>>> print(open('protein-v3.json').read())   # JSON, C-alpha atoms
[["chain", "number", "residue", "atom", "x", "y", "z"],
["A", 14, "MET", "CA", 24.80, -17.59, 30.41],
["A", 15, "PRO", "CA", 27.33, -17.30, 27.54],
["A", 16, "SER", "CA", 26.81, -14.35, 25.21],
["A", 17, "ARG", "CA", 26.44, -16.67, 22.19],
["A", 18, "ASN", "CA", 23.51, -18.46, 23.81],
["A", 19, "ARG", "CA", 21.90, -15.14, 24.57],
["A", 20, "ARG", "CA", 22.20, -14.13, 20.95],
["A", 21, "VAL", "CA", 20.60, -17.39, 19.80],
["A", 22, "ILE", "CA", 17.71, -16.89, 22.20],
["A", 23, "ALA", "CA", 17.33, -13.28, 21.08],
["A", 24, "VAL", "CA", 17.08, -14.37, 17.44],
["A", 25, "VAL", "CA", 14.64, -17.19, 18.21],
["A", 26, "VAL", "CA", 12.36, -14.79, 20.12],
["A", 27, "LEU", "CA", 12.80, -11.65, 18.04],
["A", 28, "VAL", "CA", 12.12, -13.11, 14.59],
["A", 29, "PRO", "CA", 8.65, -14.51, 15.45],
["A", 30, "VAL", "CA", 7.77, -11.25, 17.22],
["A", 31, "LEU", "CA", 8.72, -9.21, 14.16],
["A", 32, "ALA", "CA", 6.85, -11.63, 11.89],
["A", 33, "ALA", "CA", 3.72, -11.35, 14.04],
["A", 34, "LEU", "CA", 4.00, -7.56, 14.12],
["A", 35, "ALA", "CA", 4.38, -7.38, 10.34],
["A", 36, "LEU", "CA", 1.45, -9.74, 9.80],
["A", 37, "TRP", "CA", -0.72, -7.66, 12.11],
["A", 38, "ALA", "CA", 0.32, -4.37, 10.51],
["A", 39, "PHE", "CA", -0.45, -5.51, 6.97],
["A", 40, "ALA", "CA", -3.29, -8.00, 7.45],
["A", 41, "TRP", "CA", -5.37, -6.10, 10.02],
["A", 42, "PRO", "CA", -6.17, -2.99, 7.94],
["A", 43, "ALA", "CA", -6.45, -5.01, 4.72],
["A", 44, "SER", "CA", -9.03, -7.36, 6.24],
["A", 45, "ARG", "CA", -11.08, -4.54, 7.79],
["A", 46, "ILE", "CA", -11.52, -2.28, 4.77],
["A", 47, "ALA", "CA", -14.92, -0.57, 4.96],
["A", 48, "PRO", "CA", -16.16, 3.04, 4.80],
["A", 49, "ARG", "CA", -15.93, 5.02, 8.02],
["A", 50, "ASP", "CA", -17.33, 8.54, 7.75],
["A", 51, "LEU", "CA", -16.49, 8.52, 4.05],
["A", 52, "PRO", "CA", -17.30, 12.00, 2.66],
["A", 53, "LEU", "CA", -20.19, 11.65, 0.20],
["A", 54, "GLY", "CA", -22.30, 14.35, -1.41],
["A", 55, "VAL", "CA", -26.01, 14.41, -2.22],
["A", 56, "ALA", "CA", -27.68, 16.90, -4.55],
["A", 57, "GLY", "CA", -31.15, 17.53, -5.91],
["A", 58, "PRO", "CA", -34.59, 18.64, -4.69],
["A", 59, "PRO", "CA", -34.72, 18.87, -0.85],
["A", 60, "ALA", "CA", -37.44, 16.22, -0.43],
["A", 61, "ALA", "CA", -35.64, 13.72, -2.67],
["A", 62, "VAL", "CA", -32.29, 14.46, -1.05],
["A", 63, "ALA", "CA", -33.77, 13.82, 2.41],
["A", 64, "GLN", "CA", -34.97, 10.43, 1.24],
["A", 65, "VAL", "CA", -31.54, 9.55, -0.15],
["A", 66, "GLU", "CA", -29.95, 10.60, 3.14],
["A", 67, "ARG", "CA", -32.25, 8.33, 5.10],
["A", 68, "GLN", "CA", -31.31, 5.44, 2.86],
["A", 69, "LEU", "CA", -27.59, 6.15, 3.22],
["A", 70, "GLU", "CA", -27.90, 6.42, 7.00],
["A", 71, "ARG", "CA", -28.84, 2.74, 7.06],
["A", 72, "HIS", "CA", -25.12, 2.18, 6.57],
["A", 73, "GLU", "CA", -24.44, 3.29, 10.13],
["A", 74, "GLY", "CA", -21.23, 5.27, 10.45],
["A", 75, "ALA", "CA", -20.25, 4.64, 6.83],
["A", 76, "PHE", "CA", -20.82, 8.07, 5.28],
["A", 77, "GLU", "CA", -20.33, 11.71, 6.13],
["A", 78, "ILE", "CA", -23.08, 13.38, 4.13],
["A", 79, "HIS", "CA", -22.57, 16.76, 2.43],
["A", 80, "ARG", "CA", -25.50, 18.52, 0.78],
["A", 81, "TYR", "CA", -25.14, 20.44, -2.49],
["A", 82, "ALA", "CA", -27.60, 22.53, -4.42],
["A", 83, "ASP", "CA", -27.17, 20.84, -7.78],
["A", 84, "GLU", "CA", -25.02, 18.53, -9.87],
["A", 85, "ALA", "CA", -22.55, 21.28, -10.80],
["A", 86, "ALA", "CA", -21.83, 22.02, -7.14],
["A", 87, "ALA", "CA", -21.41, 18.31, -6.43],
["A", 88, "ARG", "CA", -18.94, 17.97, -9.32],
["A", 89, "ASP", "CA", -16.95, 20.93, -7.99],
["A", 90, "ALA", "CA", -16.80, 19.31, -4.55],
["A", 91, "ILE", "CA", -15.46, 16.08, -6.05],
["A", 92, "GLU", "CA", -12.83, 17.92, -8.07],
["A", 93, "ASP", "CA", -11.82, 19.84, -4.93],
["A", 94, "ARG", "CA", -11.47, 16.53, -3.06],
["A", 95, "SER", "CA", -14.09, 17.55, -0.49],
["A", 96, "VAL", "CA", -16.04, 14.33, -1.18],
["A", 97, "TYR", "CA", -15.26, 11.03, -2.90],
["A", 98, "GLY", "CA", -18.51, 10.97, -4.83],
["A", 99, "ALA", "CA", -22.07, 12.25, -4.90],
["A", 100, "VAL", "CA", -25.59, 10.96, -5.43],
["A", 101, "VAL", "CA", -27.56, 13.36, -7.63],
["A", 102, "VAL", "CA", -31.34, 13.03, -7.81],
["A", 103, "THR", "CA", -32.61, 13.90, -11.31],
["A", 104, "PRO", "CA", -36.00, 13.61, -13.01],
["A", 105, "GLN", "CA", -34.58, 10.65, -14.96],
["A", 106, "GLY", "CA", -33.54, 8.86, -11.75],
["A", 107, "PRO", "CA", -30.54, 8.78, -9.40],
["A", 108, "GLU", "CA", -27.10, 9.50, -10.79],
["A", 109, "LEU", "CA", -23.85, 8.59, -9.07],
["A", 110, "LEU", "CA", -20.79, 10.77, -9.53],
["A", 111, "THR", "CA", -17.48, 9.13, -8.63],
["A", 112, "ALA", "CA", -13.77, 9.88, -8.90],
["A", 113, "SER", "CA", -11.79, 6.71, -9.50],
["A", 114, "ALA", "CA", -8.60, 8.80, -9.47],
["A", 115, "ALA", "CA", -9.18, 9.38, -5.73],
["A", 116, "GLY", "CA", -9.25, 5.61, -5.19],
["A", 117, "PRO", "CA", -10.65, 2.97, -7.56],
["A", 118, "ALA", "CA", -11.67, 0.80, -4.60],
["A", 119, "VAL", "CA", -13.76, 3.64, -3.16],
["A", 120, "ALA", "CA", -15.46, 4.32, -6.49],
["A", 121, "GLN", "CA", -16.26, 0.63, -6.85],
["A", 122, "PHE", "CA", -17.72, 0.47, -3.34],
["A", 123, "LEU", "CA", -19.92, 3.50, -3.98],
["A", 124, "GLN", "CA", -21.22, 1.94, -7.17],
["A", 125, "GLN", "CA", -22.16, -1.25, -5.35],
["A", 126, "ALA", "CA", -23.74, 0.49, -2.35],
["A", 127, "VAL", "CA", -25.79, 3.00, -4.34],
["A", 128, "ALA", "CA", -26.79, 0.43, -6.98],
["A", 129, "GLN", "CA", -28.13, -1.89, -4.27],
["A", 130, "GLN", "CA", -30.19, 0.90, -2.75],
["A", 131, "ALA", "CA", -31.58, 1.91, -6.13],
["A", 132, "ALA", "CA", -32.38, -1.69, -7.04],
["A", 133, "ALA", "CA", -34.35, -2.03, -3.80],
["A", 134, "GLY", "CA", -36.46, 0.94, -4.94],
["A", 135, "GLY", "CA", -36.85, -0.38, -8.47],
["A", 136, "ALA", "CA", -34.54, 2.18, -10.10],
["A", 137, "GLN", "CA", -31.28, 2.02, -12.03],
["A", 138, "VAL", "CA", -28.31, 4.25, -11.33],
["A", 139, "LYS", "CA", -26.31, 6.03, -13.99],
["A", 140, "THR", "CA", -22.64, 6.30, -12.96],
["A", 141, "VAL", "CA", -20.38, 9.11, -14.15],
["A", 142, "ASP", "CA", -16.64, 9.08, -13.39],
["A", 143, "VAL", "CA", -15.92, 12.78, -12.89],
["A", 144, "VAL", "CA", -12.16, 12.37, -12.34],
["A", 145, "PRO", "CA", -11.12, 9.04, -13.90],
["A", 146, "THR", "CA", -7.79, 7.30, -13.59],
["A", 147, "PRO", "CA", -5.46, 7.56, -16.61],
["A", 148, "ALA", "CA", -6.61, 5.45, -19.54],
["A", 149, "SER", "CA", -3.32, 3.52, -19.54],
["A", 150, "ASP", "CA", -3.77, 2.57, -15.88],
["A", 151, "PRO", "CA", -7.52, 2.26, -15.24],
["A", 152, "ARG", "CA", -7.09, 0.43, -11.91],
["A", 153, "GLY", "CA", -4.64, 2.97, -10.52],
["A", 154, "ALA", "CA", -2.16, 0.18, -9.90],
["A", 155, "GLY", "CA", 0.87, 2.23, -10.97],
["A", 156, "LEU", "CA", 0.36, 4.89, -8.31],
["A", 157, "THR", "CA", -0.36, 2.27, -5.65],
["A", 158, "ALA", "CA", 2.72, 0.25, -6.58],
["A", 159, "ALA", "CA", 4.96, 3.33, -6.26],
["A", 160, "VAL", "CA", 4.45, 3.59, -2.49],
["A", 161, "LEU", "CA", 6.72, 0.71, -1.43],
["A", 162, "PRO", "CA", 9.65, 1.49, -3.80],
["A", 163, "LEU", "CA", 9.67, 5.13, -2.66],
["A", 164, "ALA", "CA", 9.75, 4.05, 0.97],
["A", 165, "LEU", "CA", 12.58, 1.61, 0.23],
["A", 166, "ALA", "CA", 14.47, 4.31, -1.69],
["A", 167, "GLY", "CA", 14.20, 6.67, 1.28],
["A", 168, "ILE", "CA", 15.32, 3.99, 3.72],
["A", 169, "ALA", "CA", 18.23, 3.08, 1.44],
["A", 170, "ALA", "CA", 19.30, 6.73, 1.10],
["A", 171, "GLY", "CA", 19.28, 7.29, 4.84],
["A", 172, "ALA", "CA", 21.05, 4.00, 5.55],
["A", 173, "VAL", "CA", 23.78, 4.55, 2.93],
["A", 174, "VAL", "CA", 24.46, 8.07, 4.19],
["A", 175, "THR", "CA", 24.84, 6.64, 7.69],
["A", 176, "LEU", "CA", 27.04, 3.69, 6.64],
["A", 177, "LEU", "CA", 29.35, 5.94, 4.63],
["A", 178, "GLY", "CA", 29.90, 8.07, 7.70],
["A", 179, "LEU", "CA", 28.61, 11.27, 6.10],
["A", 180, "ARG", "CA", 27.68, 13.89, 8.66],
["A", 181, "GLY", "CA", 26.29, 17.38, 8.88],
["A", 182, "VAL", "CA", 26.01, 19.41, 5.70],
["A", 183, "ARG", "CA", 27.52, 16.67, 3.51],
["A", 184, "ALA", "CA", 24.92, 14.17, 4.69],
["A", 185, "ALA", "CA", 22.10, 16.66, 4.12],
["A", 186, "LEU", "CA", 23.33, 17.47, 0.61],
["A", 187, "ALA", "CA", 23.66, 13.77, -0.21],
["A", 188, "LEU", "CA", 20.07, 13.15, 0.91],
["A", 189, "LEU", "CA", 18.78, 16.12, -1.09],
["A", 190, "GLY", "CA", 20.64, 15.03, -4.23],
["A", 191, "ALA", "CA", 19.61, 11.39, -3.98],
["A", 192, "SER", "CA", 15.96, 12.29, -3.35],
["A", 193, "ALA", "CA", 15.89, 14.67, -6.31],
["A", 194, "LEU", "CA", 17.24, 11.99, -8.63],
["A", 195, "VAL", "CA", 14.76, 9.43, -7.27],
["A", 196, "GLY", "CA", 11.93, 11.89, -7.97],
["A", 197, "VAL", "CA", 13.04, 12.44, -11.56],
["A", 198, "ALA", "CA", 13.56, 8.72, -12.19],
["A", 199, "ALA", "CA", 10.24, 7.76, -10.58],
["A", 200, "ALA", "CA", 8.34, 10.40, -12.57],
["A", 201, "GLY", "CA", 10.02, 9.18, -15.73],
["A", 202, "ILE", "CA", 8.82, 5.64, -15.07],
["A", 203, "THR", "CA", 5.32, 6.23, -13.67],
["A", 204, "HIS", "CA", 4.35, 9.21, -15.83],
["A", 205, "SER", "CA", 6.35, 9.08, -19.05],
["A", 206, "TRP", "CA", 6.68, 5.31, -19.50],
["A", 207, "LEU", "CA", 3.73, 3.69, -17.72],
["A", 208, "GLY", "CA", 1.29, 6.59, -18.05],
["A", 209, "ALA", "CA", 0.05, 5.93, -14.50],
["A", 210, "LEU", "CA", 0.12, 9.64, -13.60],
["A", 211, "GLY", "CA", -1.59, 12.40, -15.51],
["A", 212, "GLY", "CA", -0.64, 15.72, -13.91],
["A", 213, "ASP", "CA", 2.23, 18.16, -14.31],
["A", 214, "TRP", "CA", 5.44, 16.17, -14.74],
["A", 215, "TRP", "CA", 7.67, 18.37, -12.61],
["A", 216, "ALA", "CA", 5.10, 18.69, -9.84],
["A", 217, "GLU", "CA", 4.86, 14.89, -9.69],
["A", 218, "ALA", "CA", 8.64, 14.58, -9.66],
["A", 219, "GLY", "CA", 8.72, 17.07, -6.78],
["A", 220, "VAL", "CA", 6.19, 15.05, -4.78],
["A", 221, "LEU", "CA", 8.09, 11.82, -5.39],
["A", 222, "ALA", "CA", 11.36, 13.48, -4.37],
["A", 223, "LEU", "CA", 9.83, 15.02, -1.24],
["A", 224, "SER", "CA", 8.34, 11.65, -0.24],
["A", 225, "THR", "CA", 11.77, 10.04, -0.56],
["A", 226, "LEU", "CA", 13.47, 12.86, 1.34],
["A", 227, "ALA", "CA", 10.94, 12.64, 4.19],
["A", 228, "VAL", "CA", 11.82, 8.98, 4.75],
["A", 229, "GLY", "CA", 15.54, 9.34, 4.09],
["A", 230, "GLY", "CA", 15.81, 12.32, 6.42],
["A", 231, "ALA", "CA", 14.00, 10.45, 9.19],
["A", 232, "VAL", "CA", 16.29, 7.41, 8.85],
["A", 233, "ALA", "CA", 19.55, 9.36, 8.69],
["A", 234, "GLY", "CA", 18.44, 11.90, 11.28],
["A", 235, "LEU", "CA", 17.50, 9.34, 13.89],
["A", 236, "ALA", "CA", 20.73, 7.45, 13.23],
["A", 237, "ALA", "CA", 22.71, 10.68, 13.67],
["A", 238, "LEU", "CA", 21.11, 11.27, 17.06],
["A", 239, "ILE", "CA", 20.97, 7.81, 18.64],
["A", 240, "GLY", "CA", 23.34, 5.74, 16.52],
["A", 241, "PRO", "CA", 22.82, 2.75, 14.16],
["A", 242, "ALA", "CA", 19.73, 1.63, 16.07],
["A", 243, "GLY", "CA", 18.01, 4.74, 14.73],
["A", 244, "THR", "CA", 18.21, 3.35, 11.20],
["A", 245, "GLY", "CA", 16.31, 0.22, 12.16],
["A", 246, "LEU", "CA", 13.77, 2.10, 14.25],
["A", 247, "ALA", "CA", 12.91, 4.61, 11.54],
["A", 248, "ALA", "CA", 12.80, 1.91, 8.86],
["A", 249, "ALA", "CA", 10.48, -0.20, 11.02],
["A", 250, "VAL", "CA", 8.05, 2.69, 11.51],
["A", 251, "VAL", "CA", 7.95, 3.41, 7.79],
["A", 252, "MET", "CA", 7.62, -0.22, 6.70],
["A", 253, "LEU", "CA", 5.39, -1.65, 9.43],
["A", 254, "LEU", "CA", 3.12, 1.36, 9.95],
["A", 255, "GLY", "CA", 3.60, 3.80, 7.11],
["A", 256, "ASN", "CA", 3.01, 1.42, 4.21],
["A", 257, "PRO", "CA", 0.04, -0.65, 5.44],
["A", 258, "PHE", "CA", -1.62, 2.44, 6.98],
["A", 259, "SER", "CA", -1.11, 4.64, 3.90],
["A", 260, "GLY", "CA", -4.52, 3.93, 2.36],
["A", 261, "ALA", "CA", -2.86, 3.61, -1.04],
["A", 262, "THR", "CA", -5.00, 0.64, -2.09],
["A", 263, "SER", "CA", -8.25, 2.27, -0.95],
["A", 264, "ALA", "CA", -8.50, 5.50, 1.07],
["A", 265, "PRO", "CA", -7.73, 6.58, 4.65],
["A", 266, "GLU", "CA", -11.46, 6.59, 5.45],
["A", 267, "MET", "CA", -11.66, 2.93, 4.43],
["A", 268, "LEU", "CA", -9.16, 1.78, 7.06],
["A", 269, "PRO", "CA", -9.96, 0.88, 10.68],
["A", 270, "GLU", "CA", -9.27, 3.52, 13.30],
["A", 271, "PRO", "CA", -6.73, 4.80, 14.10],
["A", 272, "ALA", "CA", -4.84, 3.37, 11.11],
["A", 273, "GLY", "CA", -6.32, 5.80, 8.58],
["A", 274, "VAL", "CA", -5.49, 8.91, 10.62],
["A", 275, "LEU", "CA", -2.07, 7.70, 11.73],
["A", 276, "GLY", "CA", -1.14, 6.74, 8.19],
["A", 277, "GLN", "CA", -1.67, 10.29, 6.96],
["A", 278, "TRP", "CA", 0.85, 11.55, 9.49],
["A", 279, "LEU", "CA", 3.53, 9.24, 8.10],
["A", 280, "PRO", "CA", 5.43, 9.83, 4.82],
["A", 281, "PRO", "CA", 3.93, 6.97, 2.73],
["A", 282, "GLY", "CA", 0.34, 8.01, 3.46],
["A", 283, "ALA", "CA", 0.94, 11.72, 3.04],
["A", 284, "GLY", "CA", 2.94, 11.08, -0.12],
["A", 285, "THR", "CA", 0.17, 8.95, -1.65],
["A", 286, "THR", "CA", -2.51, 11.55, -0.91],
["A", 287, "LEU", "CA", -0.35, 14.38, -2.25],
["A", 288, "LEU", "CA", 0.54, 12.46, -5.40],
["A", 289, "ARG", "CA", -3.14, 11.79, -6.13],
["A", 290, "SER", "CA", -3.95, 15.47, -5.66],
["A", 291, "VAL", "CA", -1.15, 16.63, -7.95],
["A", 292, "SER", "CA", -1.62, 13.88, -10.54],
["A", 293, "SER", "CA", -5.39, 14.08, -11.05],
["A", 294, "PHE", "CA", -6.91, 17.01, -9.15],
["A", 295, "ASP", "CA", -4.71, 19.97, -10.11],
["A", 296, "GLY", "CA", -3.29, 20.14, -6.60],
["A", 297, "ALA", "CA", -6.63, 20.29, -4.77],
["A", 298, "ALA", "CA", -6.38, 19.49, -1.04],
["A", 299, "ALA", "CA", -2.60, 19.25, -1.35],
["A", 300, "THR", "CA", -1.66, 21.63, 1.49],
["A", 301, "GLY", "CA", -2.08, 19.19, 4.38],
["A", 302, "PRO", "CA", -0.05, 16.26, 3.00],
["A", 303, "ALA", "CA", 2.57, 18.62, 1.58],
["A", 304, "LEU", "CA", 3.11, 20.19, 5.01],
["A", 305, "THR", "CA", 3.33, 16.73, 6.58],
["A", 306, "LEU", "CA", 6.06, 15.64, 4.18],
["A", 307, "ALA", "CA", 7.88, 18.95, 4.58],
["A", 308, "TRP", "CA", 7.70, 18.57, 8.35],
["A", 309, "TRP", "CA", 9.29, 15.12, 8.19],
["A", 310, "ALA", "CA", 11.97, 16.32, 5.77],
["A", 311, "VAL", "CA", 12.87, 19.42, 7.80],
["A", 312, "LEU", "CA", 12.99, 17.54, 11.10],
["A", 313, "GLY", "CA", 15.04, 14.77, 9.53],
["A", 314, "LEU", "CA", 17.58, 17.10, 7.94],
["A", 315, "GLY", "CA", 17.68, 19.16, 11.14],
["A", 316, "ALA", "CA", 18.49, 16.00, 13.11],
["A", 317, "VAL", "CA", 21.24, 15.16, 10.60],
["A", 318, "LEU", "CA", 22.83, 18.60, 11.05],
["A", 319, "LEU", "CA", 22.41, 18.52, 14.82],
["A", 320, "GLY", "CA", 23.91, 15.04, 15.08],
["A", 321, "GLY", "CA", 26.88, 16.10, 12.97],
["A", 322, "SER", "CA", 27.42, 19.18, 15.11],
["A", 323, "LEU", "CA", 27.30, 17.20, 18.35],
["A", 324, "ARG", "CA", 29.78, 14.64, 17.04],
["A", 325, "ALA", "CA", 32.12, 17.41, 15.88],
["A", 326, "ARG", "CA", 32.01, 19.05, 19.32],
["A", 327, "LYS", "CA", 32.63, 15.73, 21.02],
["A", 328, "ALA", "CA", 35.57, 14.97, 18.72],
["A", 329, "GLY", "CA", 37.03, 18.42, 19.41],
["A", 330, "ALA", "CA", 36.58, 18.10, 23.15],
["A", 331, "GLU", "CA", 38.44, 14.79, 23.41],
["A", 332, "PRO", "CA", 41.82, 16.06, 22.07],
["A", 333, "ALA", "CA", 41.50, 19.15, 24.27],
["A", 334, "ALA", "CA", 40.93, 16.97, 27.35],
["A", 335, "GLY", "CA", 43.90, 14.81, 26.42],
["A", 336, "HIS", "CA", 46.09, 17.88, 25.99],
["A", 337, "ARG", "CA", 45.14, 19.18, 29.45],
["A", 338, "GLU", "CA", 45.98, 15.79, 30.99],
["A", 339, "LEU", "CA", 49.42, 15.80, 29.36],
["A", 340, "SER", "CA", 50.04, 19.34, 30.52],
["A", 341, "ALA", "CA", 49.12, 18.40, 34.10],
["A", 342, "VAL", "CA", 51.48, 15.42, 34.02],
["A", 343, "GLY", "CA", 54.25, 17.58, 32.65]]
>>> encode(input="protein-v3.json", output="structure tokens")
Amino acid sequence: MPSRNRRVIAVVVLVPVLAALALWAFAWPASRIAPRDLPLGVAGPPAAVAQVERQLERHEGAFEIHRYADEAAARDAIEDRSVYGAVVVTPQGPELLTASAAGPAVAQFLQQAVAQQAAAGGAQVKTVDVVPTPASDPRGAGLTAAVLPLALAGIAAGAVVTLLGLRGVRAALALLGASALVGVAAAGITHSWLGALGGDWWAEAGVLALSTLAVGGAVAGLAALIGPAGTGLAAAVVMLLGNPFSGATSAPEMLPEPAGVLGQWLPPGAGTTLLRSVSSFDGAAATGPALTLAWWAVLGLGAVLLGGSLRARKAGAEPAAGHRELSAVG
């Protein structure tokens, strides 16, 4: 079969397969959003708390219940990102503590679920947003919208470094410089202009830069080791798995398994979680996602340096082999 016909067949088959894969990756988690072991606190008198727990357990598998002595302890747990919210039983009736900054969709779901339970018992629920989203971005849309551009910036950085033929230390420095500038520019837009972030400016810029570097390093590193195909492979993982599995529009615990867990091991998910911690929770629960991003960045840059070293050795070995052949002929 002529090579041109093979290429036509490859395109005809490959495009629908990629389209189906992309549709599955984005539509499947989005259409199955529901709480799965979502950390939720309860506080108040033991007898009342036990009753609330029994009511919450009717949502089988939805919540992971944490008990707290009083409202102050429940608030601390929310601010530490140990739980997404808490139901506090008071003499005046049930009170729901939420944190829309941890995910507006989660806070909205908790309001609906707890309000329905209270309505069934003839009570009304007072809702208090302990850690709200910034006033200029009440839906948290700015932070959510930043996930895709950061992923694209990282892919672009890694691809450009590869296309320009940069190797070794030069490639690593180019990735570091580009990521740093992306972090500064992104912080300037999301924090200073849009007001979508409310934490320390430089810490947010650092998170945005590290998120970009994690993706860029993976793209350039894989390309340095296995060639141009590495660019497409790394980009596909980030775009088809990292973005839809990131939990940016809800929370990792709201995604079907194993999407929520897998997403937190990829740069977009880890970057989203870290940015929320730094932006609204004073860095609480930031260690895990920060280490994940650092791991991706270090491995990616290490692959870039290793690939450059291997190419340099190969290039040096070829002239030496040619010289020996000429000497033997002579």
>>> closest_residue(input="protein-v3.json", among="A:Ala191, A:Ala38, A:Val26, A:Ala158", to="Gly255 (chain A)", atoms="only C-alpha atoms")
A:Ala38
>>> residues_near_point(input="protein-v3.json", point="(-20.9, 11.4, 3.7)", cutoff="9 Å", atoms="only C-alpha atoms", output="PyMOL selection string")
chain A and resi 50-55+69+75-80+96-99
>>> residues_near_point(input="protein-v3.json", point="(9.6, 18.6, 0.1)", cutoff="10 Å", atoms="all atoms listed in the file", output="compact mmCIF listing (two decimals) with C-alpha atoms, in the frame of the given file")
# COMPACT_ATOMS: atom_id res chain seq x y z
CA LEU A 189 18.78 16.12 -1.09
CA SER A 192 15.96 12.29 -3.35
CA ALA A 193 15.89 14.67 -6.31
CA GLY A 219 8.72 17.07 -6.78
CA VAL A 220 6.19 15.05 -4.78
CA LEU A 221 8.09 11.82 -5.39
CA ALA A 222 11.36 13.48 -4.37
CA LEU A 223 9.83 15.02 -1.24
CA SER A 224 8.34 11.65 -0.24
CA THR A 225 11.77 10.04 -0.56
CA LEU A 226 13.47 12.86 1.34
CA ALA A 227 10.94 12.64 4.19
CA ALA A 303 2.57 18.62 1.58
CA LEU A 304 3.11 20.19 5.01
CA THR A 305 3.33 16.73 6.58
CA LEU A 306 6.06 15.64 4.18
CA ALA A 307 7.88 18.95 4.58
CA TRP A 308 7.70 18.57 8.35
CA TRP A 309 9.29 15.12 8.19
CA ALA A 310 11.97 16.32 5.77
CA VAL A 311 12.87 19.42 7.80
>>> residues_around(input="protein-v3.json", residues="Gly313 (chain A)", least_positions_apart="6", cutoff="9 Å", atoms="all atoms listed in the file", output="ChimeraX atom specification")
/A:226-235
>>> atom_distance(input="protein-v3.json", atom1="CA of Ala247 (chain A)", atom2="CA of Thr175 (chain A)")
12.7 Å
>>> atom_distance(input="protein-v3.json", atom1="CA of Ala316 (chain A)", atom2="CA of Ala261 (chain A)")
28.5 Å
>>> closest_residue(input="protein-v3.json", among="A:Ala164, A:Leu109, A:Ile22, A:Ala115", to="Val195 (chain A)", atoms="only C-alpha atoms")
A:Ala164
>>> residues_around(input="protein-v3.json", residues="Thr285 (chain A)", least_positions_apart="6", cutoff="10 Å", atoms="all atoms listed in the file", output="list of chain:residue names")
A:Leu156, A:Thr157, A:Ala159, A:Val160, A:Val220, A:Leu221, A:Ser224, A:Asn256, A:Ser259, A:Gly260, A:Ala261, A:Thr262, A:Ala264, A:Gln277, A:Pro302
>>> write_last_selection(input="protein-v3.json", atoms="C-alpha atoms", output="mmCIF file, in the frame of the given file")
data_model
loop_
_atom_site.group_PDB
_atom_site.id
_atom_site.type_symbol
_atom_site.label_atom_id
_atom_site.label_comp_id
_atom_site.auth_asym_id
_atom_site.auth_seq_id
_atom_site.Cartn_x
_atom_site.Cartn_y
_atom_site.Cartn_z
ATOM 1 C CA LEU A 156 0.360 4.890 -8.310
ATOM 2 C CA THR A 157 -0.360 2.270 -5.650
ATOM 3 C CA ALA A 159 4.960 3.330 -6.260
ATOM 4 C CA VAL A 160 4.450 3.590 -2.490
ATOM 5 C CA VAL A 220 6.190 15.050 -4.780
ATOM 6 C CA LEU A 221 8.090 11.820 -5.390
ATOM 7 C CA SER A 224 8.340 11.650 -0.240
ATOM 8 C CA ASN A 256 3.010 1.420 4.210
ATOM 9 C CA SER A 259 -1.110 4.640 3.900
ATOM 10 C CA GLY A 260 -4.520 3.930 2.360
ATOM 11 C CA ALA A 261 -2.860 3.610 -1.040
ATOM 12 C CA THR A 262 -5.000 0.640 -2.090
ATOM 13 C CA ALA A 264 -8.500 5.500 1.070
ATOM 14 C CA GLN A 277 -1.670 10.290 6.960
ATOM 15 C CA PRO A 302 -0.050 16.260 3.000
#
